[in-house]
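Input: a single structure, listed below in structure tokens.
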Amino acid sequence: MLIDWFTVIAQVVNFLVLVALLRYLLFDRITRAMDEREQKIASAFQEAEQAKKRAQEATERYQLMIEEMHASQRTILAEAKDEADALRQELLKNARVEVDERKSRWCESLEREMVGFLTELRKQIAGAAISVARSVIRNLANAELEHQVVERFLQEIENLPEPQRTDLARALQEGSAKISVLTTFELPQVDKEAIENRLRQFTKGDAVIRFDKSSDNGCGVELRFAGHKIGWNLDTYLEDFEKTVSQTIEEFLKTSPSPRPRDENDASQSGK
Amino acid sequence: MDSITPDQVIIWKWGVVSINSTICYTWAVMTLLGLSSWLVTRRLSSSVELSRWQNVLEMVICFIQSQIREITHREPKKYLPFIGSLFLFIALSNLLDVVPGFHAPTASLSTTAALAICVLLAVPVFGIADRGFLAYVRHYVSPSVFMLPFNILGEISRTLALAVRLFGNVMSGGKLAAILLAVAPLFFPVIMNLLGLLTGLIQAYIFAVLAMVYIASAGHGGGDATSDKAQQSTAKGEQDHG
């Protein structure tokens with residue numbers, strides 16, 4: 001007999017015991033551990049999904065912020081560029097104006113200096129020329145020259161115009177009028193008498209004619225009476241010479257190129 | 001050569017109570033299973049880092065669960081202890097058969113009959129738990145009351161087939177290995193032992209799957225697609241063994 005019924009019963013019992021044993025020791029514990037792990041993994045996945053979602057949102061938010069920052073940056077840069085351009089133009093304009101002003105002032109100053117210099121030069125040249133002429137005349141003056149001067153003076157009186165001739169006659173006639181003859185040199189008596197005689201031809205008055213010596217009078221003779229002044233001396237020629245020199249220099253100033261403002265390009269370059 | 005069944009090796013006897021090697025090796029297998037289960041599950045980890053043995057046991061249990069789920073289309077939690085214990089006990093017994101001096105308890109018709117009786121009892125238990133008593137009893141008289149004896153006969157015959165199939169395969173494997181050991185002691189026994197390992201696992205798989213099919217068919221009302229799939233699996237196992 002292949003079947004031992006006691007063994008069968010014992011094996012049934014053994015198997016039931018084994019089922020209970022494995023259920024307690026193995027299946028329940030293992031399935032519980034697996035379920036717990038599954039829940040943990042599921043929760044971890046859920047957390048990871050939430051974290052991913054948050055990260056995605058944060059990424060989108062930061063992306064938006066970056067784009068806004070870029071836009072703001074572009075706007076700020078454009079504004080700054082516009083402001084810089086405007087400031088540059090303004091500074092350039094101010095610089096040009098300032099350069100023009102300085103140049104204008106400088107030109108004016110230069111012109112003033114030039115005018116002053118030329119004026120001074122004219123004075124110096126005229127003064128030097130006159131001084132040289134005076135020195136030469138003084139050095140060359142002698143009795144013959146003085147006599148020639150007196151002769152020239154007498155011709156001037158002879159050729160007086162009618163109004164002055166009338167005034168002179170009135171002054172000589174009144175007598176109280178002060179008539180003086182100024183000379184640079186001491187007149188000899190002959191010349192004095194010649195002058196008195198010539199003057200008394202105008203009237204019969206007994207006016208007193210006084211002869212004085214004056215170093216201011218250049219080389220010549222001068223008659224002063226009642227506010228009139230008639231004479232001839234070398235200063236007249238020298239004054240004419242001085243006038244001629246002054247006119248020549250002024251004509252030179254008018255015709256010579258005055259300092260002008262530079263070109264706009266030069267000004268802009270200097271402004272830069 | 002040993003006797004055809006280890007039941008005949010009596011270790012201790014007192015009256016009708018006789019402790020034979022079948023019972024002893026069954027206790028050994030039970031002790032091994034229980035001890036290893038306790039050793040592995042005393043420090044279970046529910047995190048993603050787990051020990052090597054726990055990983056092995058979880059793989060085995062996941063495999064059993066997936067098979068139960070495929071056959072029953074239900075959550076395997078209710079059936080897992082019974083089916084899992086069947087599979088683990090038969091598989092370990094058959095695998096240990098290669099150990100010299102060990103006689104697989106499944107090579108005893110008494111053991112296989114006991115397991116088949118357990119299945120026979122489990123079918124109505126799970127069926128009644130699933131469908132209720134009346135609904136379960138009613139399926140014995142469906143489609144007609146005249147089918148009642150045939151249904152009962154079918155229950156008994158499939159239980160007998162379960163027992164004899166497992167017994168025959170394991171016993172024949174062991175005996176074949178012993179015969180070949182006597183004829184060609186150097187090479188063939190190794191191959192036959194390797195083949196015996198494969199056969200033992202397949203037989204454990206077939207027994208567990210068939211038990212699950214019977215239980216599922218009782219729970220579902222019988223004659224559904226799960227039975228067809230199980231029959232296909234069984235036929236495939238038979239071909240492998242043949």
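Every chain in the structure tokens takes a letter, A first, then B, and so on in the order presented; its residues are numbered from 1, and the ligands are numbered from 1 following the presented order.
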
Those in segment 99-241 of chain A with helix (DSSP H, G or I) from DSSP, as a PyMOL selection string: chain A and resi 99-140+143-158+162-174+189-200+215-217+234-241

Contacts of Leu195 of chain B at 12 Å (only C-alpha atoms; same-chain gap of 3+ positions) as a ChimeraX atom specification: /B:94-95,97-98,169-170,173-174,176-177,188-192,198-202,240-242

Distance-based interface of chain B with chain A, 6 Å, counting only C-alpha atoms, as a ChimeraX atom specification: /B:37-38,46-47,81,85,109-111,114

Straight-line distance linking atom CA of Asp85 of chain A with atom CA of Val99 of chain A, stated in Å to one decimal: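 That distance, rounded to one decimal, is 20.2 Å.
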
Test item: residues at most 10 Å from segment 54-67 of chain B, only C-alpha atoms, excluding those fewer than 6 positions along its chain, as a VMD selection string: (chain A and resid 26 to 27 30 to 31 33 to 34) or (chain B and resid 36 to 37 39 to 41 43 to 45 73 75 to 77 79 to 81 83 to 84 87 to 88 205 208 to 209 212)

DSSP strand (DSSP E or B) selection over segment 10-248 of chain A, as a list in words: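 Output for segment 10-248 of chain A, strand (DSSP E or B) only: Ile179, Ser180, Val181, Leu182, Thr183, Ile209, Arg210, Phe211, Asp212, Lys213, Gly220, Val221, Glu222, Leu223, Arg224, Phe225, His228, Lys229, Ile230, Gly231, Trp232 and Asn233 of chain A.
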
Shell around Ser93 of chain B at 7 Å using only C-alpha atoms, local window under 4 positions removed, as an mmCIF file with N, CA and C atoms, in the first residue's frame:
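Written output follows (part_26.cif):
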```cif
data_model
loop_
_atom_site.group_PDB
_atom_site.id
_atom_site.type_symbol
_atom_site.label_atom_id
_atom_site.label_comp_id
_atom_site.auth_asym_id
_atom_site.auth_seq_id
_atom_site.Cartn_x
_atom_site.Cartn_y
_atom_site.Cartn_z
ATOM 1 N N VAL B 29 12.003 20.123 6.059
ATOM 2 C CA VAL B 29 11.695 21.182 5.085
ATOM 3 C C VAL B 29 10.953 22.328 5.764
ATOM 4 N N PHE B 89 6.894 24.698 -0.509
ATOM 5 C CA PHE B 89 7.127 23.387 0.102
ATOM 6 C C PHE B 89 7.511 22.359 -0.965
ATOM 7 N N ASP B 97 16.052 17.193 -3.047
ATOM 8 C CA ASP B 97 16.166 15.785 -3.423
ATOM 9 C C ASP B 97 17.557 15.462 -3.959
ATOM 10 N N ALA B 104 12.911 13.356 -0.855
ATOM 11 C CA ALA B 104 11.871 14.373 -0.938
ATOM 12 C C ALA B 104 10.554 13.830 -0.409
ATOM 13 N N PRO B 105 9.885 14.557 0.473
ATOM 14 C CA PRO B 105 8.584 14.085 0.963
ATOM 15 C C PRO B 105 7.561 13.987 -0.154
ATOM 16 N N THR B 106 7.784 14.769 -1.217
ATOM 17 C CA THR B 106 6.843 14.742 -2.330
ATOM 18 C C THR B 106 6.969 13.469 -3.150
#
```

Selection near segment 144-153 of chain A, 12 Å with only C-alpha atoms, sequence-local residues under 3 positions removed, as a count of residues only: 39

Interatomic distance (Å, one decimal) between atom CA of Val208 of chain A and atom CA of Leu172 of chain A: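 Distance between the two atoms: 8.1 Å.
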
Gap from atom CA of Met114 of chain A to atom CA of Ala129 of chain A - Å, one decimal: 21.2 Å
